[in-house]
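First comes the structure, then the notes that go with it.
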Amino acid sequence: MIARAIFLYYNQPMKSFMRYFLIVFLILLGLAGLTALFDSSLKSPTTIPLSDVVTKIDNGSVKEMSIQGDDIQLTLNDGSQVNSKKETGTSVFESLLNLGADKGKLAAVKTEVKDQSGLSAFLSNVLPIVLPFLLIWLIFWFMFRQAQKGSAQTFSFGKSKARLANNVGGRKPVTFGDVAGLLEAKEEISEVVEFLRDPKKFQKLGARIPRGVLLVGAPGTGKTLLARAVANEANVPFYFVSGSEFVEMFVGVGANRVRDTFELAKKTAPSIIFVDEIDAVGRHRGAGLGGGHDEREQTLNQILVEMDGFDTNDAVIVMAATNRPDILDPALLRPGRFDRRVVLDEPSLKDREAILKIHALDKPLAKNVDLTPIAQRTVGFSGADLANLLNESAILAARANQTEITQLNILEAIEKVILGPERRSHVMSKKEKEITAYHEAGHALVAHSLPHSDPVHKISIISRGRGLGYTMKVASEDKYLKSKPEFEAELAMLLAGYAAEKLIFKQTTTGASNDLKVASELARRMVTQFGMSEVLGPVSFHEKDDLVFLGKDLSSAKNYSETIAYQIDTEIKKFVSRGLAIAKKVLSAKIDKLNLIATELIKKETLEQKEFYALVR
């Protein structure tokens, strides 16, 4: 397979040559056809043999005779014209007399001898000689041209793919002011930029410039955006490249590209190299098959040497971004290579509001739009999610032929981003609608009744995505820690739909399947990760998620025995059963409220926060 790939790669010039040859051949064929057509249009008069010319001269029917080269044109007494052709190398008169023409009558015909035109002489004499040589020259010219291209591609195969950031794509330059939140991250990064601008300020205190800065964060938290801001803020060359651009199917190409990238940066030092998605090339070595001569490992080894090896350059700083720091090689993360690890968290409430304001600058928002409740409803949204949220709200406004984006557009876009678009074409039967209404009313009523649960913002039985209905509850503030009572309230709320169906209809449906799955996973984390089981105590039984196929970690997926596994399952069932019992107790005590909420849902299909609280109070 590799040999075939190499053969196809190096035979690209031959394919191009055949294509060009075919094009030239078709062009010449077309010119020949046009020439033939042109000649045929010029020679429209009738052509007769030379013996017929003698006959017409003897009959006295020829008025004029025009001679041009070997062509003879006769003008007859009736005004018509005929053509003929004489023998090459002899005169017209000699040919006509040899055929028996009358001398006196031939002398009586008005005769005109014309010189042959330059174009005709060229086409008839020079072109048949020059055209073959011209065609051969064109063939060899294309062959050498394509061969030179192929050799140039061969020698540039290992060249660096890094590009210099200089307002790439004509986009608006991004600065630190355009990056909302991330105060600590911007401080760490801006310090490196300041080091490049004024190194003496740090060097006089014995400080050494960091060789590497690793940006770590979930997808969409702004790693690449922050790097773009650095590219515009730093007054030094900024080279950016993707980690996947180093890895090729030919061994050694990636390492050569790494060398070439650092050589390019050293020539323009001080400079910054940004490697996006470095986990594509910086994975842990020796975790699977392939040995030490694998292309990815050779590329990683070259990066390690260039960052902190025998011959290093302190004036070149490497910035890298990844959302998988757990799979990176330890040698890549040690001080001296990546001295700083900057963690980019999901934005807080204030940060989300600031991000929304930045993305709303180029969008016509209505005057009554308040971004604070939008930020409150978007807990867990990253910067990219918030940008997508405002974009979806703009699309909804355009779909309704509005000139401004309203608060309602943004609130609807939140539900669309989280749950999917409304499926109003998904018509439920009367019975299914009643079951869904009681299911969602059970979720909302239990969430409202438990003290450690978040406030309910909206209830709907309009189908979105794969769900027949939904209950939206949003935390009143950002939370970084959760207690056991909060998890127990969450379990009761998740199982409240199941409990409501059981209480009202004396049976359950498949509508609670996702609730049961989420509740079981939550209970498992409480037991195995958070140490909230009284029986098992504060011990972590967390299974490893990232297994390497045929690697060293395959046989050590579980760090506990089968006896402990049985106890874990027992404790999970205990937590789930306790949550179900709490939900049943609340719904049985407030069954009148449950009926009231479900009845209103069947009528209106959607209950906002104020409407819901008016019912339960």
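Letters A, B, ... mark the chains of the structure tokens in the order given; residue numbers begin at 1 per chain; ligand numbers begin at 1, in order shown.
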- Enumerate, as a VMD selection string, the complete set of residues in segment 170-343 of chain A that a backbone-based DSSP assignment places in helix (DSSP H, G or I). chain A and resid 170 176 to 178 183 to 197 199 to 203 223 to 233 243 to 245 253 to 267 278 to 280 291 to 293 295 to 307 325 to 327 330 to 333
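Each of A:Leu205, A:Ser425, A:Gly243, A:Phe541 was compared to Lys558 of chain A using only C-alpha atoms, and A:Phe541 turns out to be the nearest.
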- Message: Ranking A:Ser242, A:His359, A:Thr570, A:Thr88 by minimum distance to Asp178 of chain A and counting only C-alpha atoms, which one comes first?
- Response: A:His359
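For the set A:Thr46, A:Ser51, A:Thr436, A:Asn59, the residue with the smallest atom-to-atom gap to Ser80 of chain A is A:Thr46, counting only C-alpha atoms.
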- Message: If we count only C-alpha atoms and set the cut-off at 10 Å, which residues sit around Thr403 of chain A, ignoring sequence neighbours fewer than 4 positions away in its own chain? Please answer as a PyMOL selection string.
- Response: chain A and resi 364-366+394+397-398
With a distance cut-off of 8 Å and only C-alpha atoms, select the neighbouring residues of Ile572 of chain A, excluding the residue or stretch itself and same-chain residues fewer than 4 positions from it, and output the selection as a PDB file with N, CA and C atoms, in the first residue's frame.
```pdb
ATOM      1  N   SER A 520     -29.278   6.673  37.488  1.00  0.00           N
ATOM      2  CA  SER A 520     -28.371   5.562  37.803  1.00  0.00           C
ATOM      3  C   SER A 520     -26.912   5.995  37.690  1.00  0.00           C
ATOM      4  N   ALA A 523     -26.101   8.186  40.740  1.00  0.00           N
ATOM      5  CA  ALA A 523     -25.929   7.375  41.942  1.00  0.00           C
ATOM      6  C   ALA A 523     -24.597   6.623  41.913  1.00  0.00           C
ATOM      7  N   ARG A 524     -24.185   6.154  40.749  1.00  0.00           N
ATOM      8  CA  ARG A 524     -22.897   5.456  40.643  1.00  0.00           C
ATOM      9  C   ARG A 524     -21.742   6.401  40.959  1.00  0.00           C
ATOM     10  N   VAL A 527     -21.370   6.944  44.667  1.00  0.00           N
ATOM     11  CA  VAL A 527     -20.782   5.808  45.391  1.00  0.00           C
ATOM     12  C   VAL A 527     -19.307   5.643  45.058  1.00  0.00           C
ATOM     13  N   ILE A 568     -21.123  -2.134  45.542  1.00  0.00           N
ATOM     14  CA  ILE A 568     -21.373  -0.900  44.786  1.00  0.00           C
ATOM     15  C   ILE A 568     -22.764  -0.928  44.160  1.00  0.00           C
ATOM     16  N   VAL A 576     -30.956   5.122  44.582  1.00  0.00           N
ATOM     17  CA  VAL A 576     -32.052   5.320  43.629  1.00  0.00           C
ATOM     18  C   VAL A 576     -33.396   5.061  44.306  1.00  0.00           C
TER      19      VAL A 576
END
```
- Gln507 of chain A: which residues within 12 Å, counting only C-alpha atoms, same-chain residues fewer than 6 positions away excluded, as a ChimeraX atom specification? /A:435,497-501
- Message: Applying 10 Å and only C-alpha atoms, which residues near Ile459 of chain A remain after dropping the ones on its own chain fewer than 4 positions away? List them as a ChimeraX atom specification.
- Response: /A:437,440-441,443-444,469-473,597,601,605-609,611-612
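Around Phe274 of chain A, within 10 Å and counting only C-alpha atoms, the residues found are Ala162, Arg163, Ala165, Gly212, Val213, Leu214, Thr224, Ala227, Arg228, Val230, Ala231, Phe238, Tyr239, Phe240, Val241, Ser242, Gly243, Ile317, Val318, Met319, Ala320 and Ala321 of chain A, once anything fewer than 6 positions away on its own chain is removed.
With only C-alpha atoms as the atoms that count, the minimum distance from Glu191 of chain A to the choices A:Ala234, A:Leu536, A:Val518, A:Ala447 is reached by A:Ala234.
Within segment 338-468 of chain A, DSSP applied to the backbone places the following residues in strand (DSSP E): Arg340, Arg341, Val342, Val343, Leu344, Val456, His457, Lys458, Ile459 and Ser460 of chain A.
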Saved selection, atoms kept: all heavy atoms, as a PDB file, in the first residue's frame:
```pdb
ATOM      1  N   ARG A 340       4.544  26.598  32.114  1.00  0.00           N
ATOM      2  CA  ARG A 340       3.273  27.097  32.620  1.00  0.00           C
ATOM      3  C   ARG A 340       2.117  26.305  32.024  1.00  0.00           C
ATOM      4  O   ARG A 340       2.095  26.041  30.820  1.00  0.00           O
ATOM      5  CB  ARG A 340       3.103  28.585  32.291  1.00  0.00           C
ATOM      6  CG  ARG A 340       4.073  29.480  33.013  1.00  0.00           C
ATOM      7  CD  ARG A 340       3.689  30.916  32.865  1.00  0.00           C
ATOM      8  NE  ARG A 340       4.572  31.775  33.645  1.00  0.00           N
ATOM      9  CZ  ARG A 340       4.420  33.073  33.768  1.00  0.00           C
ATOM     10  NH1 ARG A 340       3.424  33.674  33.159  1.00  0.00           N
ATOM     11  NH2 ARG A 340       5.256  33.786  34.503  1.00  0.00           N
ATOM     12  N   ARG A 341       1.190  25.978  32.905  1.00  0.00           N
ATOM     13  CA  ARG A 341      -0.033  25.327  32.456  1.00  0.00           C
ATOM     14  C   ARG A 341      -1.190  26.237  32.839  1.00  0.00           C
ATOM     15  O   ARG A 341      -1.524  26.391  34.010  1.00  0.00           O
ATOM     16  CB  ARG A 341      -0.196  23.947  33.100  1.00  0.00           C
ATOM     17  CG  ARG A 341      -1.374  23.170  32.546  1.00  0.00           C
ATOM     18  CD  ARG A 341      -1.536  21.831  33.211  1.00  0.00           C
ATOM     19  NE  ARG A 341      -0.363  20.984  33.040  1.00  0.00           N
ATOM     20  CZ  ARG A 341      -0.310  19.717  33.422  1.00  0.00           C
ATOM     21  NH1 ARG A 341      -1.339  19.168  34.018  1.00  0.00           N
ATOM     22  NH2 ARG A 341       0.796  19.016  33.235  1.00  0.00           N
ATOM     23  N   VAL A 342      -1.810  26.838  31.852  1.00  0.00           N
ATOM     24  CA  VAL A 342      -2.893  27.795  32.070  1.00  0.00           C
ATOM     25  C   VAL A 342      -4.217  27.075  31.844  1.00  0.00           C
ATOM     26  O   VAL A 342      -4.479  26.571  30.749  1.00  0.00           O
ATOM     27  CB  VAL A 342      -2.762  29.003  31.121  1.00  0.00           C
ATOM     28  CG1 VAL A 342      -3.888  29.990  31.366  1.00  0.00           C
ATOM     29  CG2 VAL A 342      -1.405  29.674  31.293  1.00  0.00           C
ATOM     30  N   VAL A 343      -5.035  27.009  32.900  1.00  0.00           N
ATOM     31  CA  VAL A 343      -6.322  26.311  32.830  1.00  0.00           C
ATOM     32  C   VAL A 343      -7.424  27.312  32.518  1.00  0.00           C
ATOM     33  O   VAL A 343      -7.565  28.329  33.199  1.00  0.00           O
ATOM     34  CB  VAL A 343      -6.617  25.580  34.156  1.00  0.00           C
ATOM     35  CG1 VAL A 343      -7.967  24.881  34.084  1.00  0.00           C
ATOM     36  CG2 VAL A 343      -5.511  24.579  34.473  1.00  0.00           C
ATOM     37  N   LEU A 344      -8.206  27.007  31.487  1.00  0.00           N
ATOM     38  CA  LEU A 344      -9.326  27.858  31.081  1.00  0.00           C
ATOM     39  C   LEU A 344     -10.621  27.160  31.486  1.00  0.00           C
ATOM     40  O   LEU A 344     -10.998  26.137  30.899  1.00  0.00           O
ATOM     41  CB  LEU A 344      -9.310  28.108  29.577  1.00  0.00           C
ATOM     42  CG  LEU A 344      -8.332  29.166  29.055  1.00  0.00           C
ATOM     43  CD1 LEU A 344      -6.891  28.705  29.197  1.00  0.00           C
ATOM     44  CD2 LEU A 344      -8.611  29.489  27.600  1.00  0.00           C
ATOM     45  N   VAL A 456     -37.431  26.186  39.430  1.00  0.00           N
ATOM     46  CA  VAL A 456     -37.993  25.797  38.130  1.00  0.00           C
ATOM     47  C   VAL A 456     -38.240  27.057  37.317  1.00  0.00           C
ATOM     48  O   VAL A 456     -38.835  28.023  37.812  1.00  0.00           O
ATOM     49  CB  VAL A 456     -39.303  25.009  38.326  1.00  0.00           C
ATOM     50  CG1 VAL A 456     -39.941  24.696  36.976  1.00  0.00           C
ATOM     51  CG2 VAL A 456     -39.049  23.732  39.104  1.00  0.00           C
ATOM     52  N   HIS A 457     -37.801  27.051  36.054  1.00  0.00           N
ATOM     53  CA  HIS A 457     -37.970  28.218  35.186  1.00  0.00           C
ATOM     54  C   HIS A 457     -39.047  28.002  34.125  1.00  0.00           C
ATOM     55  O   HIS A 457     -39.685  28.972  33.704  1.00  0.00           O
ATOM     56  CB  HIS A 457     -36.645  28.561  34.492  1.00  0.00           C
ATOM     57  CG  HIS A 457     -35.749  29.418  35.319  1.00  0.00           C
ATOM     58  ND1 HIS A 457     -35.478  30.729  35.005  1.00  0.00           N
ATOM     59  CD2 HIS A 457     -35.084  29.164  36.465  1.00  0.00           C
ATOM     60  CE1 HIS A 457     -34.659  31.250  35.912  1.00  0.00           C
ATOM     61  NE2 HIS A 457     -34.406  30.317  36.806  1.00  0.00           N
ATOM     62  N   LYS A 458     -39.232  26.778  33.687  1.00  0.00           N
ATOM     63  CA  LYS A 458     -40.205  26.563  32.615  1.00  0.00           C
ATOM     64  C   LYS A 458     -40.578  25.081  32.548  1.00  0.00           C
ATOM     65  O   LYS A 458     -39.748  24.209  32.805  1.00  0.00           O
ATOM     66  CB  LYS A 458     -39.608  27.011  31.261  1.00  0.00           C
ATOM     67  CG  LYS A 458     -40.599  27.004  30.110  1.00  0.00           C
ATOM     68  CD  LYS A 458     -39.960  27.571  28.849  1.00  0.00           C
ATOM     69  CE  LYS A 458     -40.953  27.617  27.705  1.00  0.00           C
ATOM     70  NZ  LYS A 458     -40.380  28.201  26.483  1.00  0.00           N
ATOM     71  N   ILE A 459     -41.836  24.822  32.203  1.00  0.00           N
ATOM     72  CA  ILE A 459     -42.310  23.456  31.965  1.00  0.00           C
ATOM     73  C   ILE A 459     -43.016  23.446  30.615  1.00  0.00           C
ATOM     74  O   ILE A 459     -43.770  24.378  30.294  1.00  0.00           O
ATOM     75  CB  ILE A 459     -43.306  22.977  33.050  1.00  0.00           C
ATOM     76  CG1 ILE A 459     -42.865  23.434  34.439  1.00  0.00           C
ATOM     77  CG2 ILE A 459     -43.466  21.476  33.022  1.00  0.00           C
ATOM     78  CD1 ILE A 459     -43.942  23.286  35.483  1.00  0.00           C
ATOM     79  N   SER A 460     -42.787  22.402  29.834  1.00  0.00           N
ATOM     80  CA  SER A 460     -43.417  22.336  28.510  1.00  0.00           C
ATOM     81  C   SER A 460     -43.644  20.888  28.119  1.00  0.00           C
ATOM     82  O   SER A 460     -42.871  19.995  28.493  1.00  0.00           O
ATOM     83  CB  SER A 460     -42.531  23.013  27.461  1.00  0.00           C
ATOM     84  OG  SER A 460     -43.089  22.877  26.178  1.00  0.00           O
TER      85      SER A 460
END
```
